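**Q** Sending over work-v1.txt (compact mmCIF, C-alpha atoms).
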```
# COMPACT_ATOMS: atom_id res chain seq x y z
CA MET A 1 -10.11 -16.25 -0.29
CA LYS A 2 -12.08 -17.87 -3.11
CA LYS A 3 -10.63 -20.82 -5.03
CA LEU A 4 -8.27 -20.24 -7.93
CA ASN A 5 -8.95 -21.12 -11.52
CA GLN A 6 -6.39 -23.94 -11.36
CA ARG A 7 -6.28 -24.69 -15.09
CA ALA A 8 -5.63 -21.07 -16.03
CA THR A 9 -3.08 -20.67 -13.23
CA ALA A 10 -1.20 -23.81 -14.35
CA LEU A 11 -1.13 -22.65 -17.98
CA GLN A 12 0.03 -19.18 -16.95
CA LEU A 13 2.74 -20.78 -14.80
CA ILE A 14 4.07 -22.51 -17.93
CA VAL A 15 3.89 -19.22 -19.86
CA PHE A 16 5.69 -17.23 -17.15
CA VAL A 17 8.44 -19.80 -16.57
CA THR A 18 9.06 -20.09 -20.33
CA GLN A 19 9.19 -16.32 -20.77
CA TRP A 20 11.42 -15.97 -17.71
CA GLY A 21 13.90 -18.49 -19.13
CA LEU A 22 13.84 -16.82 -22.55
CA MET A 23 14.33 -13.40 -20.97
CA ILE A 24 17.40 -14.52 -19.04
CA LEU A 25 18.73 -16.13 -22.24
CA GLY A 26 18.12 -12.86 -24.11
CA PHE A 27 19.96 -10.85 -21.48
CA GLY A 28 22.76 -13.43 -21.67
CA ILE A 29 23.04 -12.84 -25.44
CA LEU A 30 23.14 -9.09 -24.81
CA ALA A 31 25.76 -9.40 -22.07
CA LEU A 32 28.05 -11.90 -23.78
CA LEU A 33 27.70 -11.11 -27.50
CA VAL A 34 26.14 -7.69 -28.11
CA ALA A 35 27.58 -5.50 -25.34
CA PRO A 36 31.26 -6.26 -26.16
CA LEU A 37 30.74 -5.27 -29.84
CA ARG A 38 32.86 -2.29 -31.01
CA LEU A 39 31.55 -1.13 -34.36
CA GLN A 40 33.15 2.35 -34.59
CA LEU A 41 36.64 3.47 -33.66
CA ASP A 42 35.73 7.18 -33.63
CA PRO A 43 35.49 8.00 -29.90
CA GLY A 44 33.03 10.87 -30.48
CA LEU A 45 29.90 10.11 -32.49
CA GLY A 46 30.90 6.45 -32.87
CA ARG A 47 29.91 5.88 -29.27
CA TYR A 48 26.35 6.90 -30.07
CA PHE A 49 26.32 4.81 -33.27
CA ASP A 50 27.42 1.81 -31.22
CA ALA A 51 24.71 2.47 -28.65
CA GLY A 52 22.08 2.86 -31.38
CA VAL A 53 22.99 -0.43 -33.07
CA LYS A 54 22.98 -2.26 -29.73
CA ALA A 55 19.61 -0.74 -28.86
CA MET A 56 18.22 -1.97 -32.19
CA ILE A 57 19.49 -5.50 -31.51
CA ALA A 58 17.90 -5.37 -28.05
CA LEU A 59 14.66 -4.16 -29.64
CA VAL A 60 14.64 -7.07 -32.11
CA LEU A 61 15.28 -9.54 -29.27
CA SER A 62 12.51 -8.09 -27.10
CA THR A 63 10.06 -8.07 -30.01
CA SER A 64 10.85 -11.74 -30.66
CA TRP A 65 10.32 -12.44 -26.95
CA LEU A 66 6.91 -10.78 -27.01
CA PHE A 67 6.00 -12.63 -30.24
CA ILE A 68 6.72 -15.99 -28.58
CA TRP A 69 4.70 -14.88 -25.53
CA ASP A 70 1.80 -13.96 -27.84
CA ARG A 71 1.89 -17.32 -29.65
CA GLN A 72 2.07 -19.23 -26.40
CA VAL A 73 -0.96 -17.52 -24.82
CA ARG A 74 -3.02 -17.83 -28.02
CA LEU A 75 -2.11 -21.53 -28.25
CA TYR A 76 -3.08 -22.27 -24.64
CA PHE A 77 -6.16 -20.08 -24.25
CA TYR A 78 -7.51 -19.11 -27.67
CA ARG A 79 -6.81 -22.20 -29.77
CA LYS A 80 -10.40 -22.79 -30.89
CA ARG A 81 -11.30 -19.21 -31.62
CA GLU A 82 -10.71 -15.79 -30.20
CA GLY A 83 -14.40 -15.45 -29.44
CA ALA A 84 -13.48 -17.37 -26.33
CA ALA A 85 -16.79 -18.89 -25.40
CA GLU A 86 -15.16 -22.32 -25.37
CA PRO A 87 -11.95 -23.34 -23.60
CA ALA A 88 -8.93 -24.25 -25.71
CA MET B 1 30.88 -0.22 3.96
CA LEU B 2 28.10 -2.71 4.60
CA PRO B 3 25.04 -1.31 6.36
CA SER B 4 24.56 -2.45 9.92
CA GLY B 5 21.60 -4.59 10.93
CA TRP B 6 20.41 -1.68 13.09
CA GLU B 7 20.16 0.67 10.07
CA VAL B 8 18.09 -1.87 8.16
CA THR B 9 15.89 -2.58 11.19
CA THR B 10 15.13 1.12 11.78
CA ALA B 11 14.40 1.53 8.06
CA VAL B 12 11.80 -1.27 8.22
CA LEU B 13 10.33 -0.02 11.51
CA LEU B 14 9.90 3.49 10.14
CA ALA B 15 8.40 2.12 6.93
CA ILE B 16 5.75 0.22 8.89
CA ALA B 17 4.31 3.64 9.80
CA SER B 18 3.14 3.93 6.19
CA PHE B 19 0.41 1.36 6.89
CA PRO B 20 -1.62 3.42 9.42
CA ILE B 21 -0.89 6.66 7.54
CA SER B 22 -2.16 5.18 4.26
CA LEU B 23 -5.16 3.69 6.05
CA VAL B 24 -6.16 7.03 7.64
CA LEU B 25 -5.56 9.01 4.46
CA THR B 26 -7.60 6.55 2.37
CA ARG B 27 -10.49 6.84 4.86
CA PHE B 28 -10.20 10.63 4.64
CA PHE B 29 -10.31 10.59 0.82
CA MET B 30 -13.24 8.14 0.88
CA LYS B 31 -15.33 10.56 2.94
CA MET B 32 -14.18 13.71 1.16
CA ASN B 33 -14.55 12.37 -2.38
CA ALA B 34 -17.95 10.81 -1.67
CA LYS B 35 -19.15 14.22 -0.40
CA SER B 36 -17.67 15.99 -3.43
CA GLY B 37 -19.30 13.59 -5.86
CA ILE B 38 -15.99 12.11 -7.01
CA VAL B 39 -17.34 8.60 -7.44
CA GLY B 40 -17.09 5.76 -9.93
CA ILE B 41 -19.49 2.91 -10.69
CA ASP B 42 -18.39 -0.64 -9.89
CA VAL B 43 -19.50 -2.08 -13.23
CA HIS B 44 -18.77 -5.69 -12.27
CA LYS B 45 -21.56 -5.81 -9.65
CA LEU B 46 -25.22 -6.29 -10.49
CA SER B 47 -26.23 -3.51 -8.08
CA LYS B 48 -23.78 -1.06 -9.76
CA PRO B 49 -22.74 0.64 -6.49
CA LYS B 50 -21.13 4.08 -6.51
CA ILE B 51 -17.63 3.97 -4.96
CA PRO B 52 -15.46 6.97 -4.00
CA GLU B 53 -12.76 7.50 -6.68
CA MET B 54 -9.20 8.87 -6.47
CA CYS B 55 -8.67 7.43 -2.96
CA GLY B 56 -5.33 6.01 -4.13
CA ALA B 57 -3.97 9.54 -3.65
CA SER B 58 -3.25 8.33 -0.12
CA ILE B 59 -0.35 6.20 -1.40
CA PRO B 60 1.84 8.87 -3.09
CA ILE B 61 1.18 11.24 -0.18
CA THR B 62 2.22 8.54 2.31
CA LEU B 63 5.34 7.66 0.31
CA ILE B 64 6.48 11.29 -0.01
CA LEU B 65 5.78 12.03 3.70
CA LEU B 66 7.65 8.94 4.85
CA SER B 67 10.63 9.55 2.51
CA THR B 68 10.98 13.06 3.92
CA ALA B 69 10.69 11.75 7.48
CA TYR B 70 13.31 9.07 6.77
CA VAL B 71 15.85 11.65 5.60
CA LEU B 72 15.14 13.91 8.60
CA ILE B 73 15.00 11.22 11.29
CA ASP B 74 17.39 8.54 10.10
CA GLY B 75 19.66 10.41 7.68
CA GLY B 76 18.59 8.31 4.69
CA ASN B 77 20.06 8.79 1.21
CA SER B 78 18.59 12.22 0.48
CA LEU B 79 19.32 12.16 -3.27
CA MET B 80 17.58 8.80 -3.67
CA MET B 81 14.60 9.96 -1.61
CA LEU B 82 14.37 13.22 -3.58
CA ALA B 83 14.46 11.39 -6.92
CA PHE B 84 11.86 8.87 -5.72
CA SER B 85 9.54 11.56 -4.32
CA LEU B 86 9.74 13.67 -7.49
CA VAL B 87 8.90 10.69 -9.70
CA VAL B 88 6.00 9.53 -7.51
CA GLY B 89 4.70 13.08 -7.01
CA SER B 90 4.79 13.99 -10.69
CA ALA B 91 3.07 10.74 -11.69
CA ALA B 92 0.38 11.46 -9.08
CA VAL B 93 -0.17 14.91 -10.61
CA VAL B 94 -0.54 13.36 -14.10
CA GLY B 95 -2.99 10.82 -12.68
CA ALA B 96 -5.02 13.47 -10.86
CA LEU B 97 -5.20 15.56 -14.02
CA ASP B 98 -6.43 12.54 -15.97
CA ASP B 99 -8.99 11.72 -13.27
CA ARG B 100 -10.45 15.20 -13.44
CA LEU B 101 -10.01 16.09 -17.13
CA LYS B 102 -10.48 12.60 -18.70
CA MET B 103 -7.62 13.07 -21.14
CA ARG B 104 -7.25 11.08 -24.37
CA GLY B 105 -5.41 7.76 -24.01
CA ILE B 106 -2.21 8.93 -25.69
CA TYR B 107 -1.51 11.71 -23.14
CA LYS B 108 -0.88 9.44 -20.16
CA PRO B 109 2.11 7.60 -21.66
CA LEU B 110 3.49 10.85 -23.03
CA LEU B 111 3.15 12.80 -19.78
CA THR B 112 4.50 9.95 -17.66
CA LEU B 113 7.64 9.99 -19.85
CA LEU B 114 8.37 13.34 -18.18
CA CYS B 115 8.03 11.76 -14.72
CA GLY B 116 11.30 9.88 -15.21
CA LEU B 117 13.27 13.07 -15.90
CA PRO B 118 14.06 13.86 -12.22
CA ILE B 119 16.10 10.63 -11.98
CA VAL B 120 17.93 11.43 -15.22
CA ALA B 121 18.61 15.05 -14.17
CA LEU B 122 19.80 14.15 -10.67
CA GLY B 123 21.87 11.31 -12.13
CA LEU B 124 23.62 13.73 -14.51
CA LEU B 125 24.22 16.22 -11.69
CA TYR B 126 25.48 13.55 -9.26
CA PRO B 127 26.97 10.70 -11.36
CA ASN B 128 26.75 7.20 -9.82
CA GLN B 129 24.92 8.51 -6.75
CA VAL B 130 21.37 8.20 -8.08
CA TYR B 131 21.48 5.34 -10.58
CA ASN B 132 24.15 3.00 -11.86
CA PRO B 133 24.21 2.49 -15.65
CA THR B 134 25.71 -1.01 -15.29
CA LEU B 135 22.89 -3.52 -15.74
CA GLN B 136 23.27 -6.64 -13.60
CA VAL B 137 22.13 -9.75 -15.47
CA PRO B 138 21.32 -13.09 -13.81
CA ILE B 139 23.99 -15.79 -14.45
CA PHE B 140 25.76 -13.82 -17.23
CA GLY B 141 27.36 -10.97 -15.23
CA SER B 142 26.71 -7.35 -16.17
CA PHE B 143 27.13 -4.81 -18.94
CA HIS B 144 27.71 -1.08 -18.97
CA LEU B 145 25.13 1.12 -20.76
CA PRO B 146 26.35 4.73 -20.37
CA VAL B 147 24.16 6.08 -23.21
CA ILE B 148 21.17 3.73 -23.40
CA TYR B 149 20.53 3.43 -19.66
CA PRO B 150 19.74 7.11 -18.91
CA LEU B 151 17.72 7.39 -22.15
CA SER B 152 15.60 4.41 -21.18
CA ILE B 153 14.73 5.73 -17.68
CA PRO B 154 11.77 7.92 -18.82
CA VAL B 155 10.49 5.01 -20.95
CA ALA B 156 10.77 2.64 -17.97
CA ILE B 157 8.79 4.98 -15.71
CA SER B 158 6.14 5.49 -18.39
CA VAL B 159 5.83 1.73 -18.99
CA THR B 160 5.63 0.73 -15.32
CA SER B 161 3.13 3.46 -14.43
CA ASN B 162 0.84 2.79 -17.40
CA THR B 163 1.00 -0.98 -17.18
CA THR B 164 0.03 -0.75 -13.48
CA ASN B 165 -2.77 1.60 -14.48
CA MET B 166 -4.07 -0.94 -17.00
CA LEU B 167 -4.28 -3.93 -14.62
CA ASP B 168 -6.79 -2.61 -12.08
CA PRO B 169 -10.06 -3.78 -13.64
CA LEU B 170 -11.32 -5.73 -10.59
CA ASN B 171 -11.52 -4.95 -6.88
CA GLY B 172 -8.11 -4.96 -5.24
CA THR B 173 -6.09 -6.34 -8.16
CA MET B 174 -3.69 -3.40 -8.43
CA ALA B 175 -3.12 -2.80 -4.70
CA GLY B 176 -2.92 -6.52 -3.90
CA GLY B 177 -0.64 -7.21 -6.86
CA VAL B 178 1.71 -4.35 -6.00
CA SER B 179 1.80 -5.56 -2.37
CA ILE B 180 2.90 -9.03 -3.55
CA ILE B 181 5.50 -7.54 -5.93
CA SER B 182 6.96 -5.17 -3.35
CA ALA B 183 7.03 -7.89 -0.65
CA ALA B 184 9.00 -10.20 -2.96
CA LEU B 185 11.42 -7.47 -4.02
CA LEU B 186 11.83 -6.38 -0.38
CA ILE B 187 12.77 -9.96 0.57
CA GLY B 188 15.13 -10.06 -2.43
CA VAL B 189 16.83 -6.82 -1.38
CA LEU B 190 17.13 -8.06 2.22
CA ILE B 191 18.74 -11.31 1.04
CA THR B 192 21.10 -9.90 -1.58
CA ASP B 193 22.00 -6.26 -0.91
CA PRO B 194 20.25 -4.76 2.14
CA ALA B 195 20.95 -1.08 1.41
CA PRO B 196 18.82 0.68 4.08
CA SER B 197 17.30 3.21 1.65
CA SER B 198 16.16 0.49 -0.78
CA VAL B 199 14.79 -1.59 2.08
CA PHE B 200 12.95 1.46 3.43
CA LEU B 201 11.36 2.37 0.08
CA TYR B 202 10.23 -1.17 -0.76
CA ALA B 203 8.84 -1.63 2.76
CA SER B 204 7.08 1.76 2.57
CA LEU B 205 5.52 0.85 -0.76
CA LEU B 206 4.42 -2.53 0.61
CA PHE B 207 2.78 -1.12 3.76
CA ALA B 208 1.26 1.90 1.99
CA ALA B 209 -0.27 -0.41 -0.63
CA LEU B 210 -1.58 -2.71 2.12
CA GLY B 211 -3.17 0.26 3.91
CA PHE B 212 -5.04 1.18 0.75
CA PHE B 213 -5.79 -2.47 -0.03
CA TYR B 214 -7.76 -2.75 3.22
CA PHE B 215 -10.47 -0.54 1.71
CA ASN B 216 -9.89 -1.49 -1.94
CA ARG B 217 -10.11 -5.28 -1.53
CA TYR B 218 -13.20 -7.18 -2.75
CA PRO B 219 -15.85 -5.81 -2.32
CA SER B 220 -14.25 -2.40 -2.79
CA ARG B 221 -15.13 0.58 -0.67
CA ALA B 222 -12.53 2.81 -2.36
CA PHE B 223 -11.17 3.08 -5.89
CA ALA B 224 -7.56 4.14 -6.55
CA GLY B 225 -8.17 6.29 -9.61
CA ASN B 226 -5.39 7.16 -12.04
CA VAL B 227 -3.74 9.21 -9.30
CA GLY B 228 -3.09 6.05 -7.29
CA GLN B 229 -2.42 3.67 -10.16
CA LEU B 230 0.08 5.83 -12.05
CA SER B 231 1.97 6.90 -8.92
CA ILE B 232 2.29 3.33 -7.61
CA GLY B 233 3.49 2.12 -11.02
CA ALA B 234 5.97 5.00 -11.18
CA ALA B 235 7.15 4.08 -7.66
CA LEU B 236 7.85 0.52 -8.83
CA GLY B 237 9.76 1.81 -11.87
CA ALA B 238 11.76 4.33 -9.84
CA LEU B 239 12.62 1.69 -7.23
CA ALA B 240 13.76 -0.74 -9.92
CA ILE B 241 16.26 1.86 -11.10
CA LEU B 242 17.30 3.31 -7.73
CA SER B 243 17.74 -0.06 -6.02
CA ARG B 244 19.26 -1.79 -9.07
CA SER B 245 16.56 -4.45 -9.30
CA GLU B 246 15.61 -3.71 -12.92
CA ILE B 247 15.37 -7.25 -14.30
CA ALA B 248 13.70 -8.67 -11.19
CA SER B 249 11.10 -5.89 -11.39
CA ILE B 250 10.33 -6.78 -15.02
CA VAL B 251 9.81 -10.41 -13.96
CA ALA B 252 7.62 -9.44 -11.01
CA MET B 253 5.44 -7.42 -13.38
CA PHE B 254 4.83 -10.30 -15.84
CA PRO B 255 1.02 -10.23 -15.26
CA ASN B 256 1.01 -6.49 -16.04
CA ILE B 257 3.22 -6.94 -19.10
CA GLN B 258 0.99 -9.69 -20.51
CA ASN B 259 -2.16 -7.64 -19.90
CA SER B 260 -0.80 -4.47 -21.52
CA PHE B 261 0.89 -6.21 -24.43
CA PHE B 262 -2.22 -8.17 -25.42
CA PHE B 263 -4.40 -5.09 -25.00
CA LEU B 264 -2.16 -2.96 -27.22
CA SER B 265 -1.52 -5.69 -29.80
CA LYS B 266 -5.26 -6.04 -30.34
CA ILE B 267 -6.38 -2.42 -30.10
CA LYS B 268 -3.18 -1.05 -31.75
CA ARG B 269 -3.42 2.34 -30.07
CA PHE B 270 -3.29 3.94 -26.62
CA THR B 271 -6.86 4.31 -25.47
CA GLU B 272 -8.94 4.31 -22.31
CA HIS B 273 -11.10 1.34 -21.31
CA ARG B 274 -14.09 3.68 -21.22
CA ALA B 275 -13.53 4.49 -24.92
CA LEU B 276 -13.61 0.85 -26.05
CA SER B 277 -16.60 -0.13 -28.17
CA ALA B 278 -16.07 -3.85 -27.46
CA LYS B 279 -15.49 -4.70 -23.79
CA PRO B 280 -13.26 -7.70 -22.91
CA THR B 281 -15.70 -9.13 -20.33
CA LYS B 282 -19.44 -9.17 -19.73
CA LEU B 283 -21.50 -9.44 -16.55
CA LEU B 284 -23.92 -12.39 -16.55
CA ASP B 285 -27.37 -12.29 -14.94
CA ASP B 286 -26.14 -14.45 -12.02
CA GLY B 287 -23.41 -11.92 -11.17
CA ARG B 288 -20.54 -13.93 -12.67
CA LEU B 289 -18.13 -12.53 -15.23
CA ALA B 290 -17.62 -14.12 -18.65
CA ALA B 291 -15.16 -13.57 -21.49
CA SER B 292 -16.53 -11.46 -24.31
CA SER B 293 -17.23 -13.28 -27.57
CA ASP B 294 -16.71 -10.05 -29.53
CA LEU B 295 -13.75 -10.50 -31.88
CA LYS B 296 -12.91 -6.81 -31.58
CA ALA B 297 -12.53 -6.96 -27.78
CA PRO B 298 -8.97 -6.79 -26.39
CA LEU B 299 -7.36 -9.97 -25.02
CA THR B 300 -6.84 -8.65 -21.50
CA LEU B 301 -5.55 -10.87 -18.68
CA VAL B 302 -9.01 -11.03 -17.09
CA ARG B 303 -10.57 -12.10 -20.39
CA THR B 304 -7.89 -14.78 -20.81
CA LEU B 305 -8.58 -16.15 -17.33
CA LEU B 306 -12.31 -16.27 -18.11
CA VAL B 307 -12.01 -18.16 -21.40
CA GLY B 308 -14.58 -20.97 -21.40
CA ARG B 309 -15.18 -20.63 -17.66
CA PRO B 310 -17.32 -17.77 -16.29
CA ALA B 311 -16.40 -17.00 -12.69
CA LYS B 312 -17.21 -14.76 -9.77
CA GLU B 313 -15.19 -11.56 -9.51
CA SER B 314 -13.60 -12.73 -6.24
CA GLU B 315 -12.37 -15.96 -7.93
CA ILE B 316 -10.72 -14.02 -10.74
CA VAL B 317 -9.10 -11.67 -8.21
CA SER B 318 -7.69 -14.71 -6.36
CA THR B 319 -6.38 -16.16 -9.63
CA ILE B 320 -4.67 -12.87 -10.48
CA PHE B 321 -3.04 -12.87 -7.02
CA GLY B 322 -1.91 -16.45 -7.73
CA LEU B 323 -0.25 -15.22 -10.94
CA TYR B 324 1.44 -12.40 -9.02
CA LEU B 325 2.74 -14.95 -6.51
CA ILE B 326 4.26 -16.95 -9.40
CA SER B 327 5.89 -13.89 -10.98
CA ALA B 328 7.07 -12.61 -7.57
CA THR B 329 8.71 -15.97 -6.83
CA LEU B 330 10.47 -15.88 -10.21
CA ALA B 331 11.57 -12.30 -9.44
CA LEU B 332 13.02 -13.41 -6.12
CA ILE B 333 14.94 -16.23 -7.84
CA THR B 334 16.17 -13.66 -10.39
CA MET B 335 17.51 -11.43 -7.60
CA ILE B 336 19.29 -14.38 -6.00
CA LEU B 337 20.81 -15.33 -9.38
CA VAL B 338 22.03 -11.75 -9.86
CA GLY B 339 23.58 -11.96 -6.37
```
Mind turning this structure into structure tokens?

**A**
Amino acid sequence: MKKLNQRATALQLIVFVTQWGLMILGFGILALLVAPLRLQLDPGLGRYFDAGVKAMIALVLSTSWLFIWDRQVRLYFYRKREGAAEPA
Amino acid sequence: MLPSGWEVTTAVLLAIASFPISLVLTRFFMKMNAKSGIVGIDVHKLSKPKIPEMCGASIPITLILLSTAYVLIDGGNSLMMLAFSLVVGSAAVVGALDDRLKMRGIYKPLLTLLCGLPIVALGLLYPNQVYNPTLQVPIFGSFHLPVIYPLSIPVAISVTSNTTNMLDPLNGTMAGGVSIISAALLIGVLITDPAPSSVFLYASLLFAALGFFYFNRYPSRAFAGNVGQLSIGAALGALAILSRSEIASIVAMFPNIQNSFFFLSKIKRFTEHRALSAKPTKLLDDGRLAASSDLKAPLTLVRTLLVGRPAKESEIVSTIFGLYLISATLALITMILVG
């Protein structure tokens, strides 16, 4: 087994742990705040409206999560320029 | 009723058979595909060797054979095995079609959406026997998703299969990575909820991937092809749903998620690597790999790991395995937190 790129591994460790924490927090928000929401009393179509609204909230949360992931990787690895010849 | 230790032990023992089966089948495909001219060029070597392609077909065949044997020999959960086999088999067919026909990039995600339908259909026919629409969340309990959960199953299978397909640029990265993921999730299942069928499927996936990895590791003597990559990714997705390890599976696949997300956010469309005008890495004259300086090139995981530091292919492969070990450890902690 060849040696690891320790700098990149350490930076990725920070990225993964941060994203892991944020993901659990996001699921916590979904479980505690979003899932109990009852927006429609109509038991028929209202059920699907509820599900649609909750799915949209989950989509916004996951997009925000990916945005933070994107910023973090760009900050750590591509700070100087995306051309990437030089380390950040 | 809790499963007995004997049931779990026999499940693991039977699953170990997937290692020699996968090994023999991979060897068979290596010989057959080399004779038939089904070969790919290892572009990250200076000598540009020709390597037999589509040898990863050994993995879905092994998984389907073993699942059938498990039901017949040990009376395993037949519905779960049927759902798993249909998902893996259909993803393998999509992969084989793509290997032979070289379809446009958009077709793979669309066709793999269909691969999740067997789980949805069997789940509707046999409620609560195939999947459970209550998502278990670490620390914060669980929430019921009767509408969203079944609708998201095809998306989940498509995402896991395609993201696995996208992170196999270097020798052994996909097979080694999936081995690490499945080993961690197997340990997690054994610690938290050792349902024999889940233990069997995770162990089968682990040993089948290891059997293929023997020939696929650096320097590769066999390439998986889309048939192997898509079916293994679909197997991970199906197992996440069938064994209720959805969130832990997402965590375990962090390296894949990062790779796919950065690829798509830069390229902004589904496309094949072969169709890219700007490649993310370049091969230097001394045989090392370096990050591309082309601004149009996608920010893949390999390119990110090469920023400012050209490296040998084997070093990058080791670093990717290191990342998988990190994500697999986090996945294991996630499973323990879920309980």

**Q** Separation of atom CA of Trp65 of chain A and atom CA of Pro255 of chain B, in Å?

**A**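 Between these atoms lies a distance of 15.1 Å.
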
**Q** So that I can see what lies close to Pro150 of chain B, please list as a PDB file with C-alpha atoms, keeping the file's coordinate frame the residues with an atom at most 9 Å from it, counting only C-alpha atoms and leaving out residues fewer than 4 positions away in the same chain.

**A**
```pdb
ATOM      1  CA  ILE B 119      16.100  10.630 -11.980  1.00  0.00           C
ATOM      2  CA  VAL B 120      17.930  11.430 -15.220  1.00  0.00           C
ATOM      3  CA  GLY B 123      21.870  11.310 -12.130  1.00  0.00           C
ATOM      4  CA  LEU B 124      23.620  13.730 -14.510  1.00  0.00           C
ATOM      5  CA  TYR B 131      21.480   5.340 -10.580  1.00  0.00           C
ATOM      6  CA  PRO B 133      24.210   2.490 -15.650  1.00  0.00           C
ATOM      7  CA  LEU B 145      25.130   1.120 -20.760  1.00  0.00           C
ATOM      8  CA  PRO B 146      26.350   4.730 -20.370  1.00  0.00           C
ATOM      9  CA  PRO B 154      11.770   7.920 -18.820  1.00  0.00           C
TER      10      PRO B 154
END
```

**Q** Mind pulling up the distance from atom CA of Ala121 of chain B to atom CA of Tyr202 of chain B?

**A**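 According to the coordinates, atom CA of Tyr202 of chain B and atom CA of Ala121 of chain B are separated by 22.7 Å.
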
**Q** My list of candidates is B:Val147, B:Leu113, B:Leu264, B:Ile157. Which is closest to Thr300 of chain B when distances are computed with only C-alpha atoms?

**A**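 Smallest distance to Thr300 of chain B is found for B:Leu264.
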
**Q** Please list as a PyMOL selection string every residue within 8 Å of Leu25 of chain B, counting all atoms listed in the file and excluding residues in the same chain fewer than 4 positions away.

**A** chain B and resi 21+29+58

**Q** For those residues, write C-alpha atoms to a file as an mmCIF file, keeping the file's coordinate frame.

**A**
```cif
data_model
loop_
_atom_site.group_PDB
_atom_site.id
_atom_site.type_symbol
_atom_site.label_atom_id
_atom_site.label_comp_id
_atom_site.auth_asym_id
_atom_site.auth_seq_id
_atom_site.Cartn_x
_atom_site.Cartn_y
_atom_site.Cartn_z
ATOM 1 C CA ILE B 21 -0.890 6.660 7.540
ATOM 2 C CA PHE B 29 -10.310 10.590 0.820
ATOM 3 C CA SER B 58 -3.250 8.330 -0.120
#
```

**Q** Rounded to one decimal place, report the atom CA of Ala156 of chain B-atom CA of Ile336 of chain B distance in Å.

**A** 22.5 Å

**Q** Determine, counting all atoms listed in the file, which protein, DNA and RNA residues have an atom within 12 Å of an atom of Leu33 of chain A; residues of the same chain fewer than 5 positions away are not included. Present the result as a PyMOL selection string.

**A** (chain A and resi 25-28+38+54+57-58) or (chain B and resi 140+142-143)

**Q** Using all atoms listed in the file, find each residue in chain B having at least one atom no more than 9 Å away from chain A; report its shortest atom-to-atom pair and that distance in Å (one decimal), rows by chain then rising number, as CSV.

**A**
```
residue,atom,partner,partner_atom,distance
B:Val137,CA,A:Phe27,CA,6.5
B:Pro138,CA,A:Ile24,CA,6.7
B:Ile139,CA,A:Gly28,CA,7.7
B:Phe140,CA,A:Gly28,CA,5.4
B:Gly141,CA,A:Ala31,CA,7.2
B:Ser142,CA,A:Ala31,CA,6.3
B:Phe143,CA,A:Ala31,CA,5.7
B:His144,CA,A:Ala35,CA,7.8
B:Leu145,CA,A:Ala51,CA,8.0
B:Pro146,CA,A:Ala51,CA,8.7
B:Val147,CA,A:Ala51,CA,6.6
B:Ile148,CA,A:Ala51,CA,6.5
B:Ile247,CA,A:Ile24,CA,8.9
B:Val251,CA,A:Trp20,CA,6.9
B:Phe254,CA,A:Phe16,CA,7.1
B:Pro255,CA,A:Phe16,CA,8.6
B:Gln258,CA,A:Trp69,CA,8.1
B:Phe261,CA,A:Leu66,CA,8.0
B:Phe262,CA,A:Asp70,CA,7.5
B:Ala290,CA,A:Ala85,CA,8.3
B:Ala291,CA,A:Ala84,CA,6.4
B:Ser292,CA,A:Gly83,CA,6.8
B:Ser293,CA,A:Gly83,CA,4.0
B:Asp294,CA,A:Gly83,CA,5.9
B:Leu295,CA,A:Gly83,CA,5.6
B:Ala297,CA,A:Gly83,CA,8.9
B:Leu299,CA,A:Glu82,CA,8.5
B:Arg303,CA,A:Ala84,CA,8.5
B:Thr304,CA,A:Phe77,CA,6.6
B:Leu305,CA,A:Ala8,CA,5.9
B:Leu306,CA,A:Ala84,CA,8.4
B:Val307,CA,A:Ala84,CA,5.2
B:Gly308,CA,A:Pro87,CA,4.2
B:Arg309,CA,A:Pro87,CA,7.3
B:Ala311,CA,A:Asn5,CA,8.6
B:Lys312,CA,A:Lys2,CA,9.0
B:Ser314,CA,A:Lys2,CA,6.2
B:Glu315,CA,A:Lys2,CA,5.2
B:Ile316,CA,A:Leu4,CA,7.3
B:Val317,CA,A:Lys2,CA,8.6
B:Ser318,CA,A:Leu4,CA,5.8
B:Thr319,CA,A:Leu4,CA,4.8
B:Ile320,CA,A:Thr9,CA,8.4
B:Gly322,CA,A:Thr9,CA,7.0
B:Leu323,CA,A:Thr9,CA,6.6
B:Ile326,CA,A:Leu13,CA,6.8
B:Ser327,CA,A:Phe16,CA,7.0
B:Leu330,CA,A:Trp20,CA,7.6
B:Thr334,CA,A:Ile24,CA,8.8
```

**Q** Name the residues within 12 Å of (12.2, -0.5, 1.2), counting only C-alpha atoms in the file's coordinates, and put them as number ranges by chain.

**A** B: 7-16, 18, 63, 66-67, 70, 76, 80-81, 84, 182-190, 193-208, 235-236, 239-240, 242-243

**Q** If we count all atoms listed in the file, what is near segment 173-176 of chain B at a cut-off of 12 Å, once residues fewer than 5 positions away on the same chain are taken out, given as a PyMOL selection string?

**A** chain B and resi 55-56+59+161-168+181-183+205-220+222-226+228-233+253+255-256+301-302+313-325

**Q** Starting from the point (11.3, -7.2, -7.8), work out which residues of protein, DNA or RNA have an atom no more than 6 Å away when counting all atoms listed in the file; state them as JSON, numbers by chain.

**A** {"B": [185, 248, 249, 252, 331]}
